[in-house]
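Remarks on the structure that follows.
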Amino acid sequence: MQIPPLSERREMTCDVLVIGGGTAGTMAALTAAQHDVQVLLLEKANVRHSGALAMGMDGVNNAVIPGKASPEDYVADITTANDGIVNQRTVYQTATRGFAMVQRLERYGVKFEKDEHNEYAVRKVHRSGSYVLPMPEGKDVKKVLYRQLRARNVRARVTIENRVMPVRVLTVDGRAVGAVGFDTRTGEFVTISAGAVILAAGAAGRLGLPASGYLYGTYENPTNAGDGYAMAYHAGAELSGIECFQVNPLIKDYNGPACAYVANPFGGYQVNAEGNRFVDCDYWSGQMMAEVKAELDSARGPIYLKLSHLPDATITEIEGILHTTERPTRGTFHAGRGHDYRERDIEMHISEIGLCSGHSASGVWIDEHAATTVPGLYAAGDMALVPHNYMIGAFVFGEIAGEHASVFARTASRPALPEDQISAAHELIYRPLSNPDGPPQAQVEFKLRRFVNDYMQPPKTERYLSLGLESFERMRGDIARMGATTPHELMRCAEVTFIRDCAEMAARASLARTESRWGLYHQRADLPASDDERWFCHLNLRKDATGAMEMLTRPVAPYIVDVPGFTRPDGIPNEPVGTELAGAWA
Amino acid sequence: MAQATNRVDVPVSVDQSKCIDGCTLCVDVCPLDSLAIDPETNKAYMHVDECWYCGPCAARCPVDAVTVNIPYLLR
Ligand SMILES: Cc1cc2nc3c(=O)[nH]c(=O)nc-3n(C[C@H](O)[C@H](O)[C@H](O)COP(=O)(O)OP(=O)(O)OC[C@H]3O[C@@H](n4cnc5c(N)ncnc54)[C@H](O)[C@@H]3O)c2cc1C
């Protein structure tokens with residue numbers, strides 16, 4: 001294709017722009033529509049099968065159901081799992097609004113497991129409370145959501161554009177006023193003017209290179225390349241906890257969940273090669289991942305998900321879940337190797353690194369109303385910092401973002417879009433067309449992500465991290481020379497720039513936090529101890545006025561609930577919630 | 001830059017004898033946009049080796065023409 005002139009563009013306008021039509025983005029769009037604003041939902045894939053839920057989900061990891069658990073326990077559990085560094089007000093939203101969300105989804109037609117008394121059949125995986133709620137027909141969740149999006153009253157309010165990919169959020173006087181991107185099929189240049197913008201573009205899932213070497217064989221859906229992290233950063237928003245990487249225990253090579261949460265209630269569990277349990281709690285946390293890594297590196301490795309001791313009928317039932325929903329090709333994978341759960345336990349490994357607040361605690365800094373530090377810019381889902389927020393948290397914060405962005409958009413002025421930013425984005429998108437003979441994206445991306453593995457994988461050290469940073473700076477040159485000839489290749493090239501941005505953020509944040517914390521997630525071999533005196537705080541980063549990456553710290557907000565067995569090292573007293581948050585539970 | 005075209009084994013295969021002329025369902029839903037219609041045959045095929053082996057392409061196909069294999073490097 002040819003580079004389109006800067007002036008040749010499709011201009012769109014809306015009240016609320018939602019970037020990413022996955023879990024959080026869909027709920028944001030549905031909620032904004034209820035608030036009577038015009039919504040534009042841009043999805044680089046197709047909302048019918050996009051994102052983490054492309055094929056559905058096995059269950060809810062974190063539902064606080066009345067009578068089964070309390071919001072206070074959940075908030076305390078998540079605080080403990082994050083070594084105390086959480087804004088409890090955000091986690092409390094997930095805790096108190098999760099049940100209403102389960103009910104909303106149920107009204108839409110999503111099925112949740114109930115016991116013989118018609119009560120929600122929650123299971124215990126976390127350290128203390130029971131929050132895991134299976135979804136027996138989880139494969140239909142996308143279908144159900146799509147039906148809502150296309151319902152007549154919603155259709156009038158929500159315009160969906162599939163295969164349109166924003167690359168930058170536009171700002172005027174520090175406020176988000178729209179976005180700029182392109183159509184990944186036709187190559188058409190697109191600008192959007194909006195009253196408010198919601199980023200819901202998922203995790204930075206294409207950061208580390210999977211051990212298989214396959215660029216797209218990631219734990220996360222590889223469409224989520226860190227687009228949202230990069231867009232928020234360049235818009236001037238603060239990001240936080242970027243040094244708290246995501247690392248997961250997965251089926252070796254397949255690189256999908258094994259999945260202990262599903263197998264546990266049936267009697268499956270993780271063992272080392274000697275057949276012994278080696279973690280006392282299967283809940284995914286940095287501490288657990290450190291235990292997994294230690295086991296893998298020891299003479300007791302490898303590790304397995306043990307199912308072979310279970311009766312045939314139980315295994316058939318487990319297969320019925322694992323091989324049909326979420327990642328249905330798990331069955332294809334095992335069959336291809338001639339492996340059967342009845343005879344052979346499932347070999348596991350740990351994943352490449354990523355950034356994700358859905359599973360870990362690295363994301364765009366938001367308050368309990370999903371607002372970023374940039375007025376008019378909201379974020380929700382895996383890319384927004386609400387620790388261990390998972391699917392129900394993505395839905396809840398999608399809802400909150402939809403609500404608050406709508407209110408903001410209603411009174412927002414609509415300035416002319418900034419031509420300098422539009423022109424810079426045009427250069428970012430189409431530059432590879434001017435080097436058709438430059439190195440192709442796949443090679444550039446492979447090299448970049450191999451450096452991520454070489455230098456960033458925990459345990460981290462200052463020397464390795466510095467070499468990583470140097471490599472990511474050098475890769476700017478490779479990226480500038482990268483070549484493409486089609487709109488599809490332009491999409492992949494833009495993603496490489498997002499991956500590089502995320503890699504640089506990961507290196508700088510990991511260097512700045514001069515201590516170890518969160519188990520494996522930020523394990524510094526050169527600084528193995530935690531330093532509560534200096535580092536019991538959030539580490540945030542943002543783009544400063546000169547365009548450089550600036551680090552800053554923020555104190556941990558006063559807790560709203562006590563955390564049994566944990567005393568805040570800074571001694572700041574609790575500030576119980578006001579009715580505005582507590583009301584959500586009532 | 002000197003360039004070469006290497007052969008790669010791609011994970012998604014489409015049975016050309018079953019694939020419906022003019023149908024684009026699998027192409028529409030692929031998150032990575034890795035399927036395309038061959039203009040010569042009007043049938044779907046995998047045009048790039050970019051795959052999360054997730055499966056909407058196969059699930060959506062009305063005539064079971066699409067098979068998702070595990071990418072060779074992971075298989
Ligand atoms: C394999 C797997 C299994 C999981 N299992 C569970 C489970 O059992 N229980 C549970 O509670 N949670 C589970 N999770 C976590 C949960 O699914 C996620 O936390 C949640 O779905 C995240 O929602 P999201 O909206 O942030 O991201 P997604 O749903 O992934 O949506 C992001 C969307 O943004 C789009 N996008 C990205 N970049 C752009 C761009 N530049 N322009 C336009 N669109 C863009 C993507 O195509 C995608 O559709 C699992 C996650 C994975 C990956």
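Letters A, B, ... go to the chains of the structure tokens in the order shown; residues in each chain start at 1; ligands are counted from 1 in the same order.
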Which residues, written as a list of chain:residue names, have at least one atom at most 9 Å from Ile192 of chain A, with only C-alpha atoms counted and residues fewer than 5 positions away on the same chain left out?
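The neighbour list is A:Arg10, A:Glu11, A:Met12, A:Thr13, A:Cys14, A:Leu17, A:Leu170, A:Val177, A:Gly178, A:Ala179, A:Val180, A:Gly181, A:Leu417.
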Just write the chosen residues, N, CA and C atoms, as a tab-separated table (two decimals), in the first residue's frame.
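Final output, selection-v5.tsv:
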chain	number	residue	atom	x	y	z
A	10	ARG	N	-10.44	9.44	7.90
A	10	ARG	CA	-11.83	9.28	8.33
A	10	ARG	C	-11.94	9.95	9.69
A	11	GLU	N	-12.84	10.91	9.81
A	11	GLU	CA	-12.99	11.62	11.08
A	11	GLU	C	-14.25	11.12	11.77
A	12	MET	N	-14.09	10.60	12.97
A	12	MET	CA	-15.24	10.11	13.72
A	12	MET	C	-15.41	10.93	14.99
A	13	THR	N	-16.61	10.92	15.51
A	13	THR	CA	-16.85	11.67	16.73
A	13	THR	C	-17.84	10.92	17.63
A	14	CYS	N	-17.69	11.10	18.94
A	14	CYS	CA	-18.56	10.41	19.89
A	14	CYS	C	-18.46	11.12	21.23
A	17	LEU	N	-15.41	7.40	23.94
A	17	LEU	CA	-14.66	6.49	23.08
A	17	LEU	C	-14.12	5.35	23.94
A	170	LEU	N	-5.25	11.37	22.04
A	170	LEU	CA	-4.95	12.78	21.78
A	170	LEU	C	-5.29	13.60	23.03
A	177	VAL	N	-8.91	14.08	24.57
A	177	VAL	CA	-9.98	14.61	23.71
A	177	VAL	C	-10.27	13.71	22.51
A	178	GLY	N	-9.61	12.56	22.44
A	178	GLY	CA	-9.87	11.68	21.31
A	178	GLY	C	-8.72	10.71	21.11
A	179	ALA	N	-8.62	10.19	19.90
A	179	ALA	CA	-7.57	9.23	19.60
A	179	ALA	C	-7.29	9.25	18.11
A	180	VAL	N	-6.20	8.59	17.76
A	180	VAL	CA	-5.83	8.50	16.35
A	180	VAL	C	-5.34	7.09	16.08
A	181	GLY	N	-5.72	6.57	14.91
A	181	GLY	CA	-5.34	5.20	14.59
A	181	GLY	C	-5.56	4.90	13.13
A	417	LEU	N	-8.84	19.08	17.36
A	417	LEU	CA	-7.84	18.05	17.67
A	417	LEU	C	-6.44	18.57	17.36
Could you name the residues that touch Pro166 of chain A at 9 Å or less, counting only C-alpha atoms, but leaving out those on the same chain fewer than 4 positions away, as a list in words?
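Here the qualifying residues turn out to be Ile19, Leu42, Glu43, Lys44, Ala179, Val180, Gly181, Phe182, Asp183, Val190, Thr191, Asp227 and Met231 of chain A.
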With the cut-off set at 7 Å and counting only C-alpha atoms and all ligand atoms, tabulate each residue of chain A with an atom at most that distance from an atom of ligand 1, showing the nearest atom pair and its distance in Å to one decimal, ordered by chain and increasing number, as a Markdown table.
| residue | atom | partner | partner_atom_place_in_ligand_line | distance |
| --- | --- | --- | --- | --- |
| A:Ile19 | CA | ligand 1 | 43 (C) | 5.1 |
| A:Gly20 | CA | ligand 1 | 34 (O) | 3.3 |
| A:Gly21 | CA | ligand 1 | 49 (O) | 4.6 |
| A:Gly22 | CA | ligand 1 | 31 (O) | 3.2 |
| A:Thr23 | CA | ligand 1 | 25 (O) | 3.7 |
| A:Ala24 | CA | ligand 1 | 25 (O) | 3.7 |
| A:Gly25 | CA | ligand 1 | 25 (O) | 5.5 |
| A:Leu42 | CA | ligand 1 | 43 (C) | 5.3 |
| A:Glu43 | CA | ligand 1 | 44 (N) | 3.8 |
| A:Lys44 | CA | ligand 1 | 43 (C) | 4.1 |
| A:Ala45 | CA | ligand 1 | 47 (O) | 4.8 |
| A:Val47 | CA | ligand 1 | 49 (O) | 6.3 |
| A:Ser50 | CA | ligand 1 | 49 (O) | 4.0 |
| A:Gly51 | CA | ligand 1 | 30 (O) | 3.2 |
| A:Ala52 | CA | ligand 1 | 30 (O) | 3.9 |
| A:Leu53 | CA | ligand 1 | 17 (O) | 5.6 |
| A:Met57 | CA | ligand 1 | 8 (O) | 5.3 |
| A:Asp58 | CA | ligand 1 | 8 (O) | 4.7 |
| A:Gly59 | CA | ligand 1 | 8 (O) | 4.5 |
| A:Val60 | CA | ligand 1 | 11 (O) | 3.9 |
| A:Asn61 | CA | ligand 1 | 11 (O) | 3.9 |
| A:Asn62 | CA | ligand 1 | 11 (O) | 6.2 |
| A:Val164 | CA | ligand 1 | 43 (C) | 6.2 |
| A:Met165 | CA | ligand 1 | 42 (N) | 3.8 |
| A:Pro166 | CA | ligand 1 | 42 (N) | 4.8 |
| A:Val167 | CA | ligand 1 | 41 (N) | 5.6 |
| A:Ala200 | CA | ligand 1 | 25 (O) | 5.4 |
| A:Ala201 | CA | ligand 1 | 34 (O) | 3.5 |
| A:Gly202 | CA | ligand 1 | 27 (O) | 3.7 |
| A:Ala203 | CA | ligand 1 | 26 (O) | 6.4 |
| A:Tyr219 | CA | ligand 1 | 53 (C) | 5.8 |
| A:Glu220 | CA | ligand 1 | 53 (C) | 4.1 |
| A:Asn221 | CA | ligand 1 | 53 (C) | 5.8 |
| A:Thr223 | CA | ligand 1 | 47 (O) | 5.1 |
| A:Asn224 | CA | ligand 1 | 37 (C) | 4.6 |
| A:Ala225 | CA | ligand 1 | 38 (N) | 6.7 |
| A:Asp227 | CA | ligand 1 | 41 (N) | 4.9 |
| A:Gly228 | CA | ligand 1 | 38 (N) | 6.3 |
| A:Gly256 | CA | ligand 1 | 1 (C) | 5.7 |
| A:Pro257 | CA | ligand 1 | 1 (C) | 6.1 |
| A:Glu326 | CA | ligand 1 | 3 (C) | 6.3 |
| A:Arg327 | CA | ligand 1 | 1 (C) | 6.5 |
| A:Gly358 | CA | ligand 1 | 19 (O) | 4.2 |
| A:His359 | CA | ligand 1 | 19 (O) | 6.6 |
| A:Ala380 | CA | ligand 1 | 26 (O) | 6.3 |
| A:Gly381 | CA | ligand 1 | 26 (O) | 3.3 |
| A:Asp382 | CA | ligand 1 | 26 (O) | 3.7 |
| A:Met383 | CA | ligand 1 | 26 (O) | 5.9 |
| A:Asn389 | CA | ligand 1 | 19 (O) | 6.3 |
| A:Tyr390 | CA | ligand 1 | 19 (O) | 3.5 |
| A:Met391 | CA | ligand 1 | 11 (O) | 3.9 |
| A:Ile392 | CA | ligand 1 | 11 (O) | 5.8 |
| A:Ala394 | CA | ligand 1 | 23 (O) | 5.0 |
Print the selection's residues with C-alpha atoms to a file, as a short mmCIF file (atom, residue, chain, number, x, y, z; two decimals), in the first residue's frame.
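Okay, part.cif is ready:
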data_model
loop_
_atom_site.label_atom_id
_atom_site.label_comp_id
_atom_site.auth_asym_id
_atom_site.auth_seq_id
_atom_site.Cartn_x
_atom_site.Cartn_y
_atom_site.Cartn_z
CA ILE A 19 -10.59 1.48 23.06
CA GLY A 20 -10.69 -2.32 23.19
CA GLY A 21 -13.84 -4.41 23.07
CA GLY A 22 -12.92 -7.24 25.42
CA THR A 23 -14.24 -7.89 28.92
CA ALA A 24 -13.88 -4.37 30.37
CA GLY A 25 -14.51 -2.49 27.12
CA LEU A 42 -13.01 0.47 18.61
CA GLU A 43 -11.66 -3.06 18.54
CA LYS A 44 -8.57 -4.16 16.66
CA ALA A 45 -9.97 -7.70 16.43
CA VAL A 47 -15.75 -8.01 19.50
CA SER A 50 -11.77 -10.84 21.13
CA GLY A 51 -9.39 -10.69 24.05
CA ALA A 52 -8.86 -13.01 26.99
CA LEU A 53 -12.36 -14.44 26.67
CA MET A 57 -13.96 -18.64 30.54
CA ASP A 58 -13.91 -21.55 33.01
CA GLY A 59 -15.05 -19.51 35.97
CA VAL A 60 -14.95 -16.34 38.03
CA ASN A 61 -11.76 -16.15 40.10
CA ASN A 62 -12.88 -13.49 42.52
CA VAL A 164 -9.75 -0.29 13.81
CA MET A 165 -6.73 0.19 15.99
CA PRO A 166 -5.94 3.42 17.81
CA VAL A 167 -2.24 4.00 18.48
CA ALA A 200 -9.56 -1.14 27.92
CA ALA A 201 -6.87 -2.67 25.73
CA GLY A 202 -5.89 -5.58 27.98
CA ALA A 203 -2.55 -6.77 29.31
CA TYR A 219 -0.26 -16.81 27.98
CA GLU A 220 -2.27 -13.68 27.15
CA ASN A 221 -4.15 -13.21 23.93
CA THR A 223 -3.56 -9.08 20.37
CA ASN A 224 -2.86 -7.44 23.74
CA ALA A 225 0.65 -6.23 23.05
CA ASP A 227 -1.12 -1.02 23.40
CA GLY A 228 -3.03 0.46 26.34
CA GLY A 256 -2.06 -21.97 28.83
CA PRO A 257 -3.48 -22.49 32.32
CA GLU A 326 -11.29 -20.93 27.66
CA ARG A 327 -8.43 -22.72 25.85
CA GLY A 358 -5.75 -8.73 36.16
CA HIS A 359 -3.28 -11.33 37.43
CA ALA A 380 -10.28 -0.56 33.11
CA GLY A 381 -9.44 -4.26 32.98
CA ASP A 382 -6.05 -5.92 32.88
CA MET A 383 -4.23 -2.69 32.00
CA ASN A 389 -8.65 -8.01 39.41
CA TYR A 390 -9.32 -10.86 36.96
CA MET A 391 -12.50 -11.13 34.93
CA ILE A 392 -15.06 -9.88 37.43
CA ALA A 394 -12.57 -6.11 34.53
#
Compile the residues of chain B that lie within 10 Å of chain A, evaluated using only C-alpha atoms, and express the compilation as a ChimeraX atom specification.
/B:1-3,28-34,48-57,59,68-75
Shortest interatomic distance to His47 of chain B - which of B:Ala65, B:Ala4, B:Val27, B:Ile20, counting only C-alpha atoms
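Selected residue with least distance to His47 of chain B: B:Val27.
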Based on the backbone DSSP call, show me all residues of segment 319-552 of chain A assigned alpha helix (DSSP H), as a PyMOL selection string.
chain A and resi 319-322+330-336+390-411+419-430+441-456+462-481+487-512+532-535
Near-segment 340-343 of chain A list (9 Å; only C-alpha atoms; drop same-chain fewer than 5 positions) as an MDAnalysis selection string:
chainID A and resid 306:312 315 319 334:335
Keeping N, CA and C atoms for every residue in the selection just given, could you write it to a file as a PDB file, in the first residue's frame?
ATOM      1  N   LYS A 306      -1.232 -32.930  39.048  1.00  0.00           N
ATOM      2  CA  LYS A 306      -1.479 -34.365  39.228  1.00  0.00           C
ATOM      3  C   LYS A 306      -2.972 -34.669  39.139  1.00  0.00           C
ATOM      4  N   LEU A 307      -3.332 -35.481  38.173  1.00  0.00           N
ATOM      5  CA  LEU A 307      -4.725 -35.907  38.002  1.00  0.00           C
ATOM      6  C   LEU A 307      -4.826 -37.423  37.917  1.00  0.00           C
ATOM      7  N   SER A 308      -3.694 -38.095  37.642  1.00  0.00           N
ATOM      8  CA  SER A 308      -3.725 -39.516  37.269  1.00  0.00           C
ATOM      9  C   SER A 308      -4.289 -40.414  38.375  1.00  0.00           C
ATOM     10  N   HIS A 309      -4.332 -39.891  39.614  1.00  0.00           N
ATOM     11  CA  HIS A 309      -4.857 -40.701  40.711  1.00  0.00           C
ATOM     12  C   HIS A 309      -6.386 -40.691  40.772  1.00  0.00           C
ATOM     13  N   LEU A 310      -7.006 -39.857  39.946  1.00  0.00           N
ATOM     14  CA  LEU A 310      -8.456 -39.684  40.049  1.00  0.00           C
ATOM     15  C   LEU A 310      -9.196 -40.747  39.240  1.00  0.00           C
ATOM     16  N   PRO A 311     -10.448 -41.053  39.643  1.00  0.00           N
ATOM     17  CA  PRO A 311     -11.234 -42.032  38.883  1.00  0.00           C
ATOM     18  C   PRO A 311     -11.494 -41.540  37.457  1.00  0.00           C
ATOM     19  N   ASP A 312     -11.662 -42.476  36.576  1.00  0.00           N
ATOM     20  CA  ASP A 312     -11.872 -42.174  35.162  1.00  0.00           C
ATOM     21  C   ASP A 312     -13.004 -41.159  34.935  1.00  0.00           C
ATOM     22  N   ILE A 315     -11.951 -37.647  35.745  1.00  0.00           N
ATOM     23  CA  ILE A 315     -11.064 -37.092  34.715  1.00  0.00           C
ATOM     24  C   ILE A 315     -11.869 -36.697  33.481  1.00  0.00           C
ATOM     25  N   GLU A 319     -11.875 -33.046  31.875  1.00  0.00           N
ATOM     26  CA  GLU A 319     -11.618 -32.831  30.445  1.00  0.00           C
ATOM     27  C   GLU A 319     -12.762 -32.075  29.787  1.00  0.00           C
ATOM     28  N   HIS A 334      -2.501 -32.152  24.124  1.00  0.00           N
ATOM     29  CA  HIS A 334      -2.153 -33.412  24.802  1.00  0.00           C
ATOM     30  C   HIS A 334      -2.280 -34.593  23.835  1.00  0.00           C
ATOM     31  N   ALA A 335      -3.337 -34.580  23.027  1.00  0.00           N
ATOM     32  CA  ALA A 335      -3.537 -35.688  22.082  1.00  0.00           C
ATOM     33  C   ALA A 335      -2.371 -35.767  21.099  1.00  0.00           C
TER      34      ALA A 335
END
Counting only C-alpha atoms, which residue out of A:Ala260, A:Ala28, A:Val172, A:Val496 sits closest to Arg414 of chain A?
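For Arg414 of chain A, the nearest of the given residues is A:Val172.
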If we count only C-alpha atoms and set the cut-off at 8 Å, which residues sit around Tyr455 of chain A, ignoring sequence neighbours fewer than 3 positions away in its own chain? Please answer as a ChimeraX atom specification.
/A:451-452,460,464-465,467-468
Output as a count of residues only all residues of chain B that backbone DSSP marks as strand (DSSP E or B).
12
Which neighbours of Leu520 of chain A fall inside 6 Å, counting only C-alpha atoms, when residues of the same chain fewer than 5 positions from it are skipped, and could you give them as a list in words?
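Counting only C-alpha atoms, the residues come to Gly286, Met289 and Ala290 of chain A.
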Between atom CA of Met456 of chain A and atom CA of His522 of chain A, what is the spacing in Å?
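If I compute the distance from atom CA of His522 of chain A to atom CA of Met456 of chain A, I get 10.0 Å.
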Contacts of Val63 of chain B within 12 Å, only C-alpha atoms, excl. fewer than 6 positions in-chain, as a ChimeraX atom specification:
/B:14-21,23,25-26,57
Restricting the output to N, CA, C and O atoms, write the selected residues as a PDB file, in the first residue's frame.
ATOM      1  N   VAL B  14      -7.503 -25.154   6.229  1.00  0.00           N
ATOM      2  CA  VAL B  14      -8.888 -25.077   5.768  1.00  0.00           C
ATOM      3  C   VAL B  14      -9.062 -26.094   4.652  1.00  0.00           C
ATOM      4  O   VAL B  14      -8.327 -26.071   3.657  1.00  0.00           O
ATOM      5  N   ASP B  15      -9.999 -27.002   4.849  1.00  0.00           N
ATOM      6  CA  ASP B  15     -10.287 -28.020   3.835  1.00  0.00           C
ATOM      7  C   ASP B  15     -10.965 -27.323   2.648  1.00  0.00           C
ATOM      8  O   ASP B  15     -12.129 -26.930   2.732  1.00  0.00           O
ATOM      9  N   GLN B  16     -10.211 -27.175   1.585  1.00  0.00           N
ATOM     10  CA  GLN B  16     -10.691 -26.384   0.448  1.00  0.00           C
ATOM     11  C   GLN B  16     -11.913 -27.012  -0.226  1.00  0.00           C
ATOM     12  O   GLN B  16     -12.696 -26.315  -0.863  1.00  0.00           O
ATOM     13  N   SER B  17     -12.060 -28.335  -0.059  1.00  0.00           N
ATOM     14  CA  SER B  17     -13.209 -28.983  -0.708  1.00  0.00           C
ATOM     15  C   SER B  17     -14.509 -28.703   0.057  1.00  0.00           C
ATOM     16  O   SER B  17     -15.594 -28.734  -0.500  1.00  0.00           O
ATOM     17  N   LYS B  18     -14.373 -28.404   1.355  1.00  0.00           N
ATOM     18  CA  LYS B  18     -15.576 -28.113   2.152  1.00  0.00           C
ATOM     19  C   LYS B  18     -15.870 -26.613   2.240  1.00  0.00           C
ATOM     20  O   LYS B  18     -17.020 -26.209   2.381  1.00  0.00           O
ATOM     21  N   CYS B  19     -14.841 -25.789   2.228  1.00  0.00           N
ATOM     22  CA  CYS B  19     -14.977 -24.341   2.454  1.00  0.00           C
ATOM     23  C   CYS B  19     -15.980 -23.742   1.466  1.00  0.00           C
ATOM     24  O   CYS B  19     -15.952 -24.033   0.274  1.00  0.00           O
ATOM     25  N   ILE B  20     -16.878 -22.908   2.014  1.00  0.00           N
ATOM     26  CA  ILE B  20     -17.963 -22.352   1.197  1.00  0.00           C
ATOM     27  C   ILE B  20     -17.489 -21.102   0.458  1.00  0.00           C
ATOM     28  O   ILE B  20     -17.008 -20.145   1.072  1.00  0.00           O
ATOM     29  N   ASP B  21     -17.660 -21.126  -0.829  1.00  0.00           N
ATOM     30  CA  ASP B  21     -17.339 -20.003  -1.699  1.00  0.00           C
ATOM     31  C   ASP B  21     -18.046 -18.734  -1.199  1.00  0.00           C
ATOM     32  O   ASP B  21     -19.262 -18.744  -1.035  1.00  0.00           O
ATOM     33  N   CYS B  23     -18.016 -17.352   1.774  1.00  0.00           N
ATOM     34  CA  CYS B  23     -18.226 -17.261   3.228  1.00  0.00           C
ATOM     35  C   CYS B  23     -16.965 -16.655   3.858  1.00  0.00           C
ATOM     36  O   CYS B  23     -15.856 -16.984   3.468  1.00  0.00           O
ATOM     37  N   LEU B  25     -16.825 -16.193   7.522  1.00  0.00           N
ATOM     38  CA  LEU B  25     -17.015 -16.264   8.978  1.00  0.00           C
ATOM     39  C   LEU B  25     -15.712 -16.442   9.750  1.00  0.00           C
ATOM     40  O   LEU B  25     -15.462 -15.750  10.737  1.00  0.00           O
ATOM     41  N   CYS B  26     -14.855 -17.348   9.320  1.00  0.00           N
ATOM     42  CA  CYS B  26     -13.604 -17.588  10.053  1.00  0.00           C
ATOM     43  C   CYS B  26     -12.682 -16.375   9.960  1.00  0.00           C
ATOM     44  O   CYS B  26     -12.026 -16.003  10.934  1.00  0.00           O
ATOM     45  N   CYS B  57     -12.190 -19.574  14.778  1.00  0.00           N
ATOM     46  CA  CYS B  57     -12.295 -19.864  13.342  1.00  0.00           C
ATOM     47  C   CYS B  57     -12.963 -21.213  13.126  1.00  0.00           C
ATOM     48  O   CYS B  57     -13.882 -21.346  12.308  1.00  0.00           O
TER      49      CYS B  57
END
When you draw a straight line from atom CA of Ile78 of chain A to atom CA of Arg127 of chain A, how long is it in Å?
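Spanning atom CA of Ile78 of chain A to atom CA of Arg127 of chain A is a straight-line distance of 9.4 Å.
Note that atom CA of Ala121 of chain A and atom CA of Ser357 of chain A are 25.8 Å apart.
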